[in-house]
file data32.txt (compact mmCIF, C-alpha atoms)
# COMPACT_ATOMS: atom_id res chain seq x y z
CA MET E 71 19.05 1.96 12.01
CA ASN E 72 19.71 5.22 10.26
CA GLY E 73 17.43 7.62 8.46
CA MET E 74 16.60 7.77 4.78
CA SER E 75 17.19 10.39 2.06
CA PRO E 76 16.27 14.12 2.46
CA ILE E 77 13.31 13.68 0.07
CA VAL E 78 11.72 11.11 2.37
CA GLN E 79 12.48 13.22 5.43
CA THR E 80 10.88 16.35 3.95
CA VAL E 81 7.73 14.51 2.89
CA ALA E 82 7.50 12.87 6.30
CA ARG E 83 7.81 16.29 7.96
CA PHE E 84 4.89 17.66 5.94
CA VAL E 85 2.67 14.63 6.33
CA LYS E 86 3.15 13.75 10.00
CA VAL E 87 0.69 16.32 11.40
CA PHE E 88 -2.08 15.16 9.09
CA ILE E 89 -1.55 11.51 9.98
CA LEU E 90 -1.69 12.34 13.69
CA LEU E 91 -4.86 14.40 13.17
CA TYR E 92 -6.46 11.58 11.20
CA GLY E 93 -5.67 9.09 13.96
CA ILE E 94 -7.15 11.37 16.64
CA TYR E 95 -10.19 12.04 14.44
CA LEU E 96 -10.83 8.33 13.88
CA THR E 97 -10.63 7.74 17.62
CA LEU E 98 -12.82 10.60 18.82
CA ILE E 99 -15.50 10.18 16.17
CA GLY E 100 -15.59 6.40 16.44
CA HIS E 101 -19.06 6.27 17.97
CA LEU E 102 -20.61 8.34 15.16
CA THR E 103 -18.96 7.30 11.89
CA PRO E 104 -16.79 4.34 10.79
CA GLY E 105 -13.54 4.27 12.67
CA GLY E 106 -12.86 3.56 16.30
CA GLY E 107 -10.08 3.16 18.79
CA PHE E 108 -8.33 0.27 17.09
CA ALA E 109 -8.12 1.95 13.67
CA GLY E 110 -7.04 5.27 15.20
CA GLY E 111 -4.38 3.57 17.30
CA VAL E 112 -2.97 1.72 14.31
CA VAL E 113 -2.83 4.99 12.32
CA ILE E 114 -0.96 6.75 15.14
CA ALA E 115 1.42 3.80 15.47
CA SER E 116 2.07 3.94 11.74
CA LEU E 117 2.97 7.64 12.14
CA TYR E 118 5.72 6.72 14.60
CA ILE E 119 6.84 3.84 12.37
CA MET E 120 7.11 6.29 9.47
CA LEU E 121 9.17 8.69 11.61
CA THR E 122 11.44 5.82 12.66
CA LEU E 123 12.01 4.78 9.06
CA ALA E 124 12.57 8.33 7.81
CA TYR E 125 14.68 9.86 10.58
CA GLY E 126 16.20 6.84 12.29
CA LYS E 127 15.65 5.16 15.59
CA LYS E 128 17.06 7.90 17.83
CA PHE E 129 14.66 10.58 16.57
CA ALA E 130 11.51 8.55 17.21
CA LEU E 131 12.73 7.27 20.57
CA LYS E 132 13.39 10.86 21.67
CA PHE E 133 9.65 11.63 21.44
CA PHE E 134 8.36 8.21 22.41
CA PRO E 135 10.88 6.37 24.62
CA ARG E 136 10.54 2.65 24.97
CA ARG E 137 9.80 2.87 28.68
CA LEU E 138 7.00 5.40 28.05
CA ALA E 139 5.53 3.16 25.34
CA GLY E 140 5.48 0.21 27.73
CA SER E 141 3.82 2.32 30.43
CA LEU E 142 1.21 3.72 28.04
CA ASP E 143 0.41 0.20 26.89
CA SER E 144 -0.44 -0.76 30.47
CA VAL E 145 -2.24 2.53 31.15
CA GLY E 146 -4.58 2.04 28.18
CA ALA E 147 -5.45 -1.48 29.26
CA LEU E 148 -6.03 -0.27 32.84
CA ILE E 149 -8.35 2.58 31.76
CA PHE E 150 -10.42 0.09 29.77
CA LEU E 151 -10.62 -2.25 32.75
CA VAL E 152 -11.52 0.62 35.13
CA VAL E 153 -14.39 1.63 32.81
CA ALA E 154 -15.62 -1.95 32.92
CA CYS E 155 -15.40 -2.13 36.71
CA LEU E 156 -17.13 1.27 37.12
CA GLY E 157 -19.95 -0.14 35.02
CA PHE E 158 -20.14 -3.01 37.45
CA GLY E 159 -20.19 -0.60 40.38
CA PHE E 160 -22.74 1.92 39.09
CA GLY E 161 -24.81 -0.06 36.62
CA GLY E 162 -24.72 -3.51 38.18
CA ILE E 163 -23.38 -5.22 35.06
CA PHE E 164 -19.81 -5.60 33.89
CA PHE E 165 -19.31 -3.01 31.11
CA ALA E 166 -22.70 -1.38 31.76
CA ASN E 167 -22.95 1.99 30.03
CA PHE E 168 -23.66 3.91 33.25
CA LEU E 169 -22.81 7.38 31.84
CA GLU E 170 -25.37 7.06 29.06
CA LYS E 171 -28.03 6.01 31.57
CA SER E 172 -27.48 8.96 33.92
CA TYR E 173 -26.31 11.70 31.51
CA PRO E 174 -27.77 10.93 28.08
CA GLY E 175 -26.21 13.16 25.42
CA ALA E 176 -27.92 14.40 22.28
CA GLU E 177 -27.97 11.83 19.50
CA PHE E 178 -25.32 12.19 16.78
CA SER E 179 -23.29 14.67 18.86
CA LEU E 180 -19.65 14.30 19.88
CA LEU E 181 -20.43 14.13 23.60
CA SER E 182 -22.80 11.20 23.59
CA ALA E 183 -22.84 7.44 24.04
CA GLY E 184 -21.51 7.55 27.61
CA THR E 185 -18.53 5.28 28.18
CA ILE E 186 -17.97 4.34 24.53
CA PRO E 187 -15.70 7.33 23.65
CA ILE E 188 -13.67 6.75 26.83
CA SER E 189 -13.15 3.10 25.89
CA ASN E 190 -12.21 4.19 22.36
CA ILE E 191 -9.53 6.55 23.70
CA ALA E 192 -8.17 3.85 26.02
CA ILE E 193 -7.96 1.31 23.19
CA CYS E 194 -6.32 3.91 20.93
CA ILE E 195 -3.57 4.60 23.51
CA LYS E 196 -3.04 0.90 24.06
CA VAL E 197 -2.89 -0.15 20.41
CA ALA E 198 -0.70 2.79 19.33
CA SER E 199 1.94 2.23 22.01
CA SER E 200 1.98 -1.56 21.73
CA LEU E 201 2.34 -1.62 17.93
CA PHE E 202 5.10 0.98 18.10
CA LEU E 203 6.77 -1.14 20.77
CA VAL E 204 6.67 -4.23 18.57
CA PHE E 205 8.13 -2.32 15.64
CA ILE E 206 10.94 -0.79 17.66
CA ILE E 207 11.88 -4.19 19.12
CA MET E 208 11.94 -5.81 15.69
CA ALA E 209 13.86 -2.89 14.20
CA VAL E 210 16.54 -3.16 16.86
CA ALA E 211 16.96 -6.93 16.98
CA ARG E 212 18.75 -8.90 14.30
CA ILE E 213 20.23 -12.34 13.72
CA ILE E 214 23.85 -12.50 12.66
CA ASP E 215 25.41 -15.45 10.85
CA LYS E 216 28.73 -16.44 12.32
CA LYS E 217 31.58 -18.01 10.40
CA ASP E 218 31.16 -21.47 11.94
CA GLY E 219 27.51 -21.72 10.88
CA SER E 220 25.93 -20.88 14.22
CA LYS E 221 23.65 -17.91 14.62
CA GLU E 222 23.92 -15.09 17.11
CA PHE E 223 21.05 -12.96 18.32
CA LYS E 224 21.92 -9.36 18.91
CA GLN E 225 20.37 -5.95 19.52
CA ASP E 226 22.33 -3.02 18.16
CA GLU E 227 23.08 -0.08 20.48
CA GLU E 228 20.93 -0.57 23.52
CA GLU E 229 19.71 2.85 24.52
CA GLU E 230 18.83 2.06 28.10
CA MET N 174 -25.25 -8.88 -10.80
CA GLY N 175 -22.99 -5.83 -10.48
CA ILE N 176 -21.64 -6.47 -6.99
CA GLU N 177 -21.12 -10.17 -7.67
CA LEU N 178 -19.01 -9.46 -10.74
CA ILE N 179 -16.85 -6.99 -8.79
CA MET N 180 -16.43 -9.51 -5.97
CA ILE N 181 -15.41 -12.26 -8.40
CA ILE N 182 -12.75 -10.02 -9.98
CA ILE N 183 -11.39 -9.00 -6.55
CA LEU N 184 -11.37 -12.61 -5.33
CA ILE N 185 -9.47 -13.82 -8.40
CA PHE N 186 -6.97 -11.03 -7.77
CA ILE N 187 -6.60 -12.11 -4.11
CA LEU N 188 -6.19 -15.78 -5.08
CA LEU N 189 -3.48 -14.92 -7.60
CA GLY N 190 -1.64 -12.89 -4.96
CA ALA N 191 -1.87 -15.73 -2.44
CA ILE N 192 -0.63 -18.37 -4.89
CA ILE N 193 2.28 -16.16 -5.99
CA ALA N 194 3.17 -15.51 -2.33
CA VAL N 195 3.38 -19.24 -1.66
CA GLU N 196 5.21 -20.25 -4.83
CA ILE N 197 7.76 -17.46 -5.28
CA LYS N 198 11.35 -18.00 -4.08
CA ASP N 199 12.29 -14.46 -3.07
CA LEU N 200 11.00 -13.55 0.40
CA LEU N 201 10.57 -9.82 -0.27
CA SER N 202 8.38 -10.51 -3.33
CA ALA N 203 6.33 -12.94 -1.24
CA VAL N 204 5.74 -10.24 1.38
CA ILE N 205 4.58 -7.80 -1.31
CA SER N 206 2.19 -10.44 -2.70
CA ILE N 207 0.78 -10.86 0.80
CA GLY N 208 0.14 -7.10 0.71
CA VAL N 209 -1.90 -7.62 -2.48
CA VAL N 210 -4.07 -10.09 -0.54
CA GLY N 211 -4.62 -7.66 2.34
CA PHE N 212 -5.45 -4.61 0.23
CA GLY N 213 -7.74 -6.70 -1.98
CA ILE N 214 -9.62 -7.81 1.12
CA SER N 215 -9.99 -4.20 2.26
CA ILE N 216 -11.47 -3.22 -1.14
CA ALA N 217 -13.83 -6.19 -0.89
CA PHE N 218 -14.95 -4.97 2.56
CA LEU N 219 -15.66 -1.55 1.06
CA PHE N 220 -17.85 -3.03 -1.67
CA LEU N 221 -19.67 -5.21 0.86
CA GLN N 222 -20.55 -2.04 2.85
CA ALA N 223 -18.33 -2.64 5.87
CA PRO N 224 -16.31 0.61 6.09
CA ASP N 225 -15.24 -0.03 9.71
CA LEU N 226 -13.52 -3.24 8.72
CA ALA N 227 -12.05 -1.65 5.59
CA ILE N 228 -10.38 1.12 7.62
CA VAL N 229 -8.95 -1.31 10.17
CA GLN N 230 -7.81 -3.73 7.44
CA ILE N 231 -6.02 -1.08 5.39
CA ALA N 232 -4.25 0.42 8.42
CA VAL N 233 -3.21 -2.93 9.89
CA GLU N 234 -2.12 -4.21 6.48
CA THR N 235 0.16 -1.20 5.96
CA VAL N 236 1.78 -1.54 9.37
CA LEU N 237 2.12 -5.30 8.99
CA LEU N 238 3.68 -4.97 5.53
CA VAL N 239 6.29 -2.54 6.85
CA LEU N 240 6.99 -4.87 9.79
CA LEU N 241 7.34 -7.93 7.54
CA ILE N 242 9.58 -6.13 5.05
CA ARG N 243 11.70 -4.91 7.95
CA ALA N 244 11.85 -8.47 9.28
CA THR N 245 12.73 -10.17 5.99
CA ILE N 246 15.05 -7.65 4.38
CA ARG N 247 18.71 -7.54 5.41
CA ARG N 248 18.38 -10.86 7.23
CA ASP N 249 20.30 -14.04 6.73
CA VAL N 250 17.36 -15.82 5.09
CA LYS N 251 16.68 -14.27 1.69
CA SER N 252 14.94 -17.08 -0.15
CA THR N 253 13.15 -20.33 0.60
CA HIS N 254 13.78 -23.87 -0.58
CA SER N 255 10.77 -25.49 -2.13
CA HIS N 256 9.93 -29.15 -1.72
CA ILE N 257 6.43 -30.53 -2.16
CA ASN N 258 4.71 -31.37 1.12
CA TRP N 259 2.27 -34.12 0.08
CA ALA N 260 0.36 -34.32 3.37
CA GLY N 261 -0.21 -30.57 3.34
CA LEU N 262 -1.32 -30.66 -0.29
CA ILE N 263 -3.90 -33.38 0.39
CA CYS N 264 -5.20 -31.43 3.41
CA VAL N 265 -5.56 -28.27 1.29
CA VAL N 266 -7.43 -30.13 -1.49
CA VAL N 267 -9.83 -31.77 0.97
CA LEU N 268 -10.46 -28.46 2.74
CA CYS N 269 -11.11 -26.66 -0.54
CA LEU N 270 -13.56 -29.33 -1.69
CA ALA N 271 -15.39 -29.17 1.65
CA LEU N 272 -15.64 -25.37 1.46
CA ILE N 273 -16.88 -25.46 -2.15
CA GLY N 274 -19.53 -28.06 -1.23
CA PHE N 275 -20.64 -26.04 1.78
CA GLY N 276 -20.83 -22.86 -0.29
CA PHE N 277 -22.83 -24.61 -3.01
CA PHE N 278 -25.48 -25.88 -0.60
CA ALA N 279 -25.55 -22.63 1.40
CA MET N 280 -26.07 -20.47 -1.68
CA GLN N 281 -29.14 -22.49 -2.63
CA GLU N 282 -30.85 -21.38 0.58
CA LEU N 283 -29.66 -17.78 0.66
CA LYS N 284 -29.24 -14.93 -1.76
CA PHE N 285 -25.87 -13.23 -2.16
CA GLY N 286 -25.40 -10.41 0.34
CA GLU N 287 -28.28 -11.52 2.54
CA PRO N 288 -27.22 -12.29 6.11
CA ALA N 289 -28.31 -15.74 7.29
CA ILE N 290 -29.36 -14.25 10.62
CA SER N 291 -32.06 -12.12 8.95
CA LYS N 292 -34.24 -15.21 8.54
CA ILE N 293 -34.62 -15.52 12.33
CA GLN N 294 -36.77 -12.83 13.90
CA ALA N 295 -35.58 -13.37 17.49
CA ALA N 296 -31.88 -13.08 16.62
CA PRO N 297 -29.95 -10.61 18.78
CA SER N 298 -28.63 -8.72 15.75
CA ASN N 299 -32.14 -7.57 14.88
CA HIS N 300 -32.46 -6.16 18.39
CA TYR N 301 -29.10 -4.37 18.05
CA LEU N 302 -30.13 -2.81 14.74
CA LYS N 303 -33.46 -1.59 16.10
CA GLU N 304 -32.52 -0.45 19.62
CA GLY N 305 -28.78 0.28 19.28
CA LEU N 306 -29.09 4.04 18.98
CA SER N 307 -31.65 4.51 21.74
CA GLU N 308 -30.01 2.10 24.20
CA THR N 309 -26.35 3.07 23.86
CA GLY N 310 -26.53 6.53 22.24
CA SER N 311 -23.91 5.52 19.69
CA ALA N 312 -24.84 6.34 16.09
CA ASN N 313 -22.35 3.78 14.76
CA ILE N 314 -23.93 0.37 15.35
CA VAL N 315 -20.62 -1.44 14.98
CA THR N 316 -19.08 0.57 17.81
CA SER N 317 -22.17 0.13 19.96
CA VAL N 318 -21.83 -3.63 19.56
CA ILE N 319 -18.09 -3.96 20.12
CA LEU N 320 -17.88 -1.49 23.02
CA ASP N 321 -21.25 -1.90 24.71
CA TYR N 322 -23.19 -5.07 23.96
CA ARG N 323 -20.11 -7.21 23.36
CA ALA N 324 -17.50 -5.19 25.24
CA TYR N 325 -16.40 -8.33 27.08
CA ASP N 326 -15.09 -9.69 23.76
CA THR N 327 -13.15 -6.48 23.22
CA LEU N 328 -11.61 -6.82 26.68
CA GLY N 329 -10.47 -10.32 25.74
CA GLU N 330 -9.03 -8.99 22.49
CA ALA N 331 -7.11 -6.29 24.36
CA THR N 332 -5.81 -8.98 26.74
CA VAL N 333 -4.62 -11.08 23.79
CA LEU N 334 -2.75 -8.09 22.34
CA PHE N 335 -1.26 -7.24 25.75
CA THR N 336 -0.05 -10.82 26.30
CA ALA N 337 1.42 -11.00 22.79
CA ILE N 338 3.37 -7.78 23.38
CA ILE N 339 4.68 -9.06 26.71
CA GLY N 340 5.81 -12.29 25.02
CA ALA N 341 7.55 -10.44 22.19
CA LEU N 342 9.26 -8.12 24.66
CA ALA N 343 10.46 -11.05 26.78
CA ILE N 344 11.80 -13.08 23.84
CA LEU N 345 13.38 -10.25 21.86
CA ARG N 346 15.00 -8.65 24.88
CA GLY N 347 18.32 -10.06 23.72
CA ILE N 348 20.41 -9.86 26.83
CA ALA N 349 19.24 -11.64 29.93
CA ARG N 350 18.57 -9.33 32.80
CA LYS N 351 21.45 -9.22 35.27
CA GLN N 352 20.92 -11.00 38.55
CA LYS N 353 21.44 -9.07 41.75
CA GLY N 354 24.96 -9.50 43.04
CA GLY N 355 25.70 -12.12 40.40
CA LYS N 356 27.56 -11.84 37.14
call {"tool": "encode", "arguments": {"input": "data32.txt", "output": "structure tokens"}}
result
Amino acid sequence: MNGMSPIVQTVARFVKVFILLYGIYLTLIGHLTPGGGFAGGVVIASLYIMLTLAYGKKFALKFFPRRLAGSLDSVGALIFLVVACLGFGFGGIFFANFLEKSYPGAEFSLLSAGTIPISNIAICIKVASSLFLVFIIMAVARIIDKKDGSKEFKQDEEEE
Amino acid sequence: MGIELIMIIILIFILLGAIIAVEIKDLLSAVISIGVVGFGISIAFLFLQAPDLAIVQIAVETVLLVLLIRATIRRDVKSTHSHINWAGLICVVVLCLALIGFGFFAMQELKFGEPAISKIQAAPSNHYLKEGLSETGSANIVTSVILDYRAYDTLGEATVLFTAIIGALAILRGIARKQKGGK
């Protein structure tokens, strides 16, 4: 799929940094104010979806290749699982907040709440990469009607 | 009365959007009407003082709308054929009547905006509200519940998302992977 008009591309160029910052902000501040890993991840995924729509598939895949997205999806899930297992190891309970027990941070500060920010970051990575992956698959695949009434499933220009 | 009036207006708006989405022939217009439903729900969450849900709803709705428009536009199927499904219609009517009856009897016991769980003193949510900050250190009670008290649920959610992505990747791969030494 190709890009859109220069107006869309210019606006996307101005806006992309702010969207990325907002996604990171929602993730990091999730344990203090409304937000959290899921919302931040969806915002970051929507940034890449916007870049794909504005500049075309090649541009977005140059910064975020499909293989990297698949790996990051697994890495996020693994970090979340490792946090859970570390809680089992140190705190005795699955998902125990062992960091908060041993190093309690000041209330309402950024470095507090133990394992919750780490889990937020893991979920953000996972959700962002997986939603981008879904979009890029659906953007590439299409169903073509043949003359004899049957349908053919096709992906245009495989990049791998 | 103020919040109830606002909620009634938003709910009528959502219902209209949903009915239009079902009845309209053009698929793109149906997708946009679905967007009306989603954004209306996010405004309703804001008025009901659930900003966490409102943020997630508005972000997911935007991404989903783009995905659905991308999926419906420039495809072979542009419009739907309508024929009345009587069994489905009867099911919908029965379900609506049951929900209205349940709501009528529930609202006689409770006031609008009052959580049912607040009547029980030993409910876990009261404990979370009182001890959430001191036990988990998280100022946002919602986050302290979903990532500390009920983190197991979140792990299951992440697993569901992971499995769904794997399924989509496997189905939409297009070309079957080449066998070793084979064709």
call {"tool": "closest_atom_pairs", "arguments": {"input": "data32.txt", "of": "chain E", "to": "chain N", "cutoff": "9 Å", "atoms": "all atoms listed in the file", "output": "tab-separated table"}}
result
residue	atom	partner	partner_atom	distance
E:Gly100	CA	N:Thr316	CA	6.9
E:His101	CA	N:Ser311	CA	5.2
E:Leu102	CA	N:Ala312	CA	4.8
E:Thr103	CA	N:Asn313	CA	5.7
E:Pro104	CA	N:Asp225	CA	4.8
E:Gly105	CA	N:Asp225	CA	5.5
E:Gly106	CA	N:Thr316	CA	7.1
E:Phe108	CA	N:Val229	CA	7.1
E:Ala109	CA	N:Val229	CA	4.9
E:Gly110	CA	N:Val229	CA	8.5
E:Val112	CA	N:Ala232	CA	6.2
E:Val113	CA	N:Ala232	CA	6.2
E:Ala115	CA	N:Val236	CA	8.1
E:Ser116	CA	N:Val236	CA	6.0
E:Ile119	CA	N:Val236	CA	8.0
E:Asp143	CA	N:Phe335	CA	7.7
E:Ser144	CA	N:Phe335	CA	8.1
E:Ala147	CA	N:Ala331	CA	7.1
E:Phe150	CA	N:Leu328	CA	7.7
E:Leu151	CA	N:Leu328	CA	7.7
E:Ala154	CA	N:Ala324	CA	8.5
E:Phe164	CA	N:Tyr325	CA	8.1
E:Phe165	CA	N:Ala324	CA	6.5
E:Ala166	CA	N:Asp321	CA	7.2
E:Asn167	CA	N:Asp321	CA	6.8
E:Glu170	CA	N:Thr309	CA	6.6
E:Lys171	CA	N:Thr309	CA	8.4
E:Pro174	CA	N:Gly310	CA	7.4
E:Gly175	CA	N:Gly310	CA	7.4
E:Ala176	CA	N:Gly310	CA	8.0
E:Glu177	CA	N:Gly310	CA	6.1
E:Phe178	CA	N:Ala312	CA	5.9
E:Ser179	CA	N:Ala312	CA	8.9
E:Ser182	CA	N:Gly310	CA	6.1
E:Ala183	CA	N:Gly310	CA	4.2
E:Gly184	CA	N:Gly310	CA	7.4
E:Thr185	CA	N:Asp321	CA	8.4
E:Ile186	CA	N:Leu320	CA	6.0
E:Ser189	CA	N:Leu320	CA	7.2
E:Asn190	CA	N:Leu320	CA	8.1
E:Ile193	CA	N:Ala331	CA	7.7
E:Lys196	CA	N:Ala331	CA	8.3
E:Val197	CA	N:Leu334	CA	8.2
E:Ser200	CA	N:Ile338	CA	6.6
E:Leu201	CA	N:Ile338	CA	8.3
E:Leu203	CA	N:Ile338	CA	7.9
E:Val204	CA	N:Ile338	CA	6.8
E:Phe205	CA	N:Leu240	CA	6.5
E:Ile207	CA	N:Leu345	CA	6.8
E:Met208	CA	N:Ala244	CA	6.9
E:Ala209	CA	N:Arg243	CA	6.9
E:Ala211	CA	N:Leu345	CA	6.9
E:Arg212	CA	N:Arg248	CA	7.3
E:Ile213	CA	N:Arg248	CA	6.9
E:Ile214	CA	N:Asp249	CA	7.1
E:Asp215	CA	N:Asp249	CA	6.7
E:Phe223	CA	N:Gly347	CA	6.7
E:Lys224	CA	N:Gly347	CA	6.0
E:Gln225	CA	N:Gly347	CA	6.2
call {"tool": "write_last_selection", "arguments": {"input": "data32.txt", "atoms": "C-alpha atoms", "output": "PDB file, in the frame of the given file"}}
result
ATOM      1  CA  GLY E 100     -15.590   6.400  16.440  1.00  0.00           C
ATOM      2  CA  HIS E 101     -19.060   6.270  17.970  1.00  0.00           C
ATOM      3  CA  LEU E 102     -20.610   8.340  15.160  1.00  0.00           C
ATOM      4  CA  THR E 103     -18.960   7.300  11.890  1.00  0.00           C
ATOM      5  CA  PRO E 104     -16.790   4.340  10.790  1.00  0.00           C
ATOM      6  CA  GLY E 105     -13.540   4.270  12.670  1.00  0.00           C
ATOM      7  CA  GLY E 106     -12.860   3.560  16.300  1.00  0.00           C
ATOM      8  CA  PHE E 108      -8.330   0.270  17.090  1.00  0.00           C
ATOM      9  CA  ALA E 109      -8.120   1.950  13.670  1.00  0.00           C
ATOM     10  CA  GLY E 110      -7.040   5.270  15.200  1.00  0.00           C
ATOM     11  CA  VAL E 112      -2.970   1.720  14.310  1.00  0.00           C
ATOM     12  CA  VAL E 113      -2.830   4.990  12.320  1.00  0.00           C
ATOM     13  CA  ALA E 115       1.420   3.800  15.470  1.00  0.00           C
ATOM     14  CA  SER E 116       2.070   3.940  11.740  1.00  0.00           C
ATOM     15  CA  ILE E 119       6.840   3.840  12.370  1.00  0.00           C
ATOM     16  CA  ASP E 143       0.410   0.200  26.890  1.00  0.00           C
ATOM     17  CA  SER E 144      -0.440  -0.760  30.470  1.00  0.00           C
ATOM     18  CA  ALA E 147      -5.450  -1.480  29.260  1.00  0.00           C
ATOM     19  CA  PHE E 150     -10.420   0.090  29.770  1.00  0.00           C
ATOM     20  CA  LEU E 151     -10.620  -2.250  32.750  1.00  0.00           C
ATOM     21  CA  ALA E 154     -15.620  -1.950  32.920  1.00  0.00           C
ATOM     22  CA  PHE E 164     -19.810  -5.600  33.890  1.00  0.00           C
ATOM     23  CA  PHE E 165     -19.310  -3.010  31.110  1.00  0.00           C
ATOM     24  CA  ALA E 166     -22.700  -1.380  31.760  1.00  0.00           C
ATOM     25  CA  ASN E 167     -22.950   1.990  30.030  1.00  0.00           C
ATOM     26  CA  GLU E 170     -25.370   7.060  29.060  1.00  0.00           C
ATOM     27  CA  LYS E 171     -28.030   6.010  31.570  1.00  0.00           C
ATOM     28  CA  PRO E 174     -27.770  10.930  28.080  1.00  0.00           C
ATOM     29  CA  GLY E 175     -26.210  13.160  25.420  1.00  0.00           C
ATOM     30  CA  ALA E 176     -27.920  14.400  22.280  1.00  0.00           C
ATOM     31  CA  GLU E 177     -27.970  11.830  19.500  1.00  0.00           C
ATOM     32  CA  PHE E 178     -25.320  12.190  16.780  1.00  0.00           C
ATOM     33  CA  SER E 179     -23.290  14.670  18.860  1.00  0.00           C
ATOM     34  CA  SER E 182     -22.800  11.200  23.590  1.00  0.00           C
ATOM     35  CA  ALA E 183     -22.840   7.440  24.040  1.00  0.00           C
ATOM     36  CA  GLY E 184     -21.510   7.550  27.610  1.00  0.00           C
ATOM     37  CA  THR E 185     -18.530   5.280  28.180  1.00  0.00           C
ATOM     38  CA  ILE E 186     -17.970   4.340  24.530  1.00  0.00           C
ATOM     39  CA  SER E 189     -13.150   3.100  25.890  1.00  0.00           C
ATOM     40  CA  ASN E 190     -12.210   4.190  22.360  1.00  0.00           C
ATOM     41  CA  ILE E 193      -7.960   1.310  23.190  1.00  0.00           C
ATOM     42  CA  LYS E 196      -3.040   0.900  24.060  1.00  0.00           C
ATOM     43  CA  VAL E 197      -2.890  -0.150  20.410  1.00  0.00           C
ATOM     44  CA  SER E 200       1.980  -1.560  21.730  1.00  0.00           C
ATOM     45  CA  LEU E 201       2.340  -1.620  17.930  1.00  0.00           C
ATOM     46  CA  LEU E 203       6.770  -1.140  20.770  1.00  0.00           C
ATOM     47  CA  VAL E 204       6.670  -4.230  18.570  1.00  0.00           C
ATOM     48  CA  PHE E 205       8.130  -2.320  15.640  1.00  0.00           C
ATOM     49  CA  ILE E 207      11.880  -4.190  19.120  1.00  0.00           C
ATOM     50  CA  MET E 208      11.940  -5.810  15.690  1.00  0.00           C
ATOM     51  CA  ALA E 209      13.860  -2.890  14.200  1.00  0.00           C
ATOM     52  CA  ALA E 211      16.960  -6.930  16.980  1.00  0.00           C
ATOM     53  CA  ARG E 212      18.750  -8.900  14.300  1.00  0.00           C
ATOM     54  CA  ILE E 213      20.230 -12.340  13.720  1.00  0.00           C
ATOM     55  CA  ILE E 214      23.850 -12.500  12.660  1.00  0.00           C
ATOM     56  CA  ASP E 215      25.410 -15.450  10.850  1.00  0.00           C
ATOM     57  CA  PHE E 223      21.050 -12.960  18.320  1.00  0.00           C
ATOM     58  CA  LYS E 224      21.920  -9.360  18.910  1.00  0.00           C
ATOM     59  CA  GLN E 225      20.370  -5.950  19.520  1.00  0.00           C
TER      60      GLN E 225
END
call {"tool": "atom_distance", "arguments": {"input": "data32.txt", "atom1": "CA of Phe134 in chain E", "atom2": "CA of Gly107 in chain E"}}
result
19.5 Å
call {"tool": "residues_around", "arguments": {"input": "data32.txt", "residues": "range 82-84 of chain E", "least_positions_apart": "3", "cutoff": "10 Å", "atoms": "only C-alpha atoms", "output": "JSON, numbers by chain"}}
result
{"E": [76, 77, 78, 79, 87, 88, 89, 117, 120, 121, 123, 124, 125]}
call {"tool": "write_last_selection", "arguments": {"input": "data32.txt", "atoms": "C-alpha atoms", "output": "mmCIF file, keeping the file's coordinate frame"}}
result
data_model
loop_
_atom_site.group_PDB
_atom_site.id
_atom_site.type_symbol
_atom_site.label_atom_id
_atom_site.label_comp_id
_atom_site.auth_asym_id
_atom_site.auth_seq_id
_atom_site.Cartn_x
_atom_site.Cartn_y
_atom_site.Cartn_z
ATOM 1 C CA PRO E 76 16.270 14.120 2.460
ATOM 2 C CA ILE E 77 13.310 13.680 0.070
ATOM 3 C CA VAL E 78 11.720 11.110 2.370
ATOM 4 C CA GLN E 79 12.480 13.220 5.430
ATOM 5 C CA VAL E 87 0.690 16.320 11.400
ATOM 6 C CA PHE E 88 -2.080 15.160 9.090
ATOM 7 C CA ILE E 89 -1.550 11.510 9.980
ATOM 8 C CA LEU E 117 2.970 7.640 12.140
ATOM 9 C CA MET E 120 7.110 6.290 9.470
ATOM 10 C CA LEU E 121 9.170 8.690 11.610
ATOM 11 C CA LEU E 123 12.010 4.780 9.060
ATOM 12 C CA ALA E 124 12.570 8.330 7.810
ATOM 13 C CA TYR E 125 14.680 9.860 10.580
#
call {"tool": "residues_around", "arguments": {"input": "data32.txt", "residues": "Leu142 in chain E", "least_positions_apart": "4", "cutoff": "8 Å", "atoms": "only C-alpha atoms", "output": "PDB file with C-alpha atoms, in the coordinates of the input"}}
result
ATOM      1  CA  LEU E 138       7.000   5.400  28.050  1.00  0.00           C
ATOM      2  CA  GLY E 146      -4.580   2.040  28.180  1.00  0.00           C
ATOM      3  CA  ILE E 195      -3.570   4.600  23.510  1.00  0.00           C
ATOM      4  CA  LYS E 196      -3.040   0.900  24.060  1.00  0.00           C
ATOM      5  CA  SER E 199       1.940   2.230  22.010  1.00  0.00           C
TER       6      SER E 199
END
call {"tool": "closest_residue", "arguments": {"input": "data32.txt", "among": "E:Phe168, E:Tyr95, E:Phe158, E:Tyr118", "to": "Lys132 in chain E", "atoms": "all atoms listed in the file"}}
result
E:Tyr118
call {"tool": "atom_distance", "arguments": {"input": "data32.txt", "atom1": "CA of Val204 in chain N", "atom2": "CA of Met180 in chain N"}}
result
23.4 Å
call {"tool": "atom_distance", "arguments": {"input": "data32.txt", "atom1": "CA of Leu169 in chain E", "atom2": "CA of Leu181 in chain E"}}
result
10.9 Å
call {"tool": "axis_aligned_box", "arguments": {"input": "data32.txt", "around": "range 84-97 of chain E", "padding_each_side": "5 Å", "output": "lines of an AutoDock Vina configuration file"}}
result
center_x = -3.0
center_y = 12.7
center_z = 11.8
size_x = 25.7
size_y = 19.9
size_z = 21.7
call {"tool": "residues_near_point", "arguments": {"input": "data32.txt", "point": "(-21.8, -9.0, -7.6)", "cutoff": "12 Å", "atoms": "all atoms listed in the file", "output": "PyMOL selection string"}}
result
chain N and resi 174-184+217+220-221+284-286
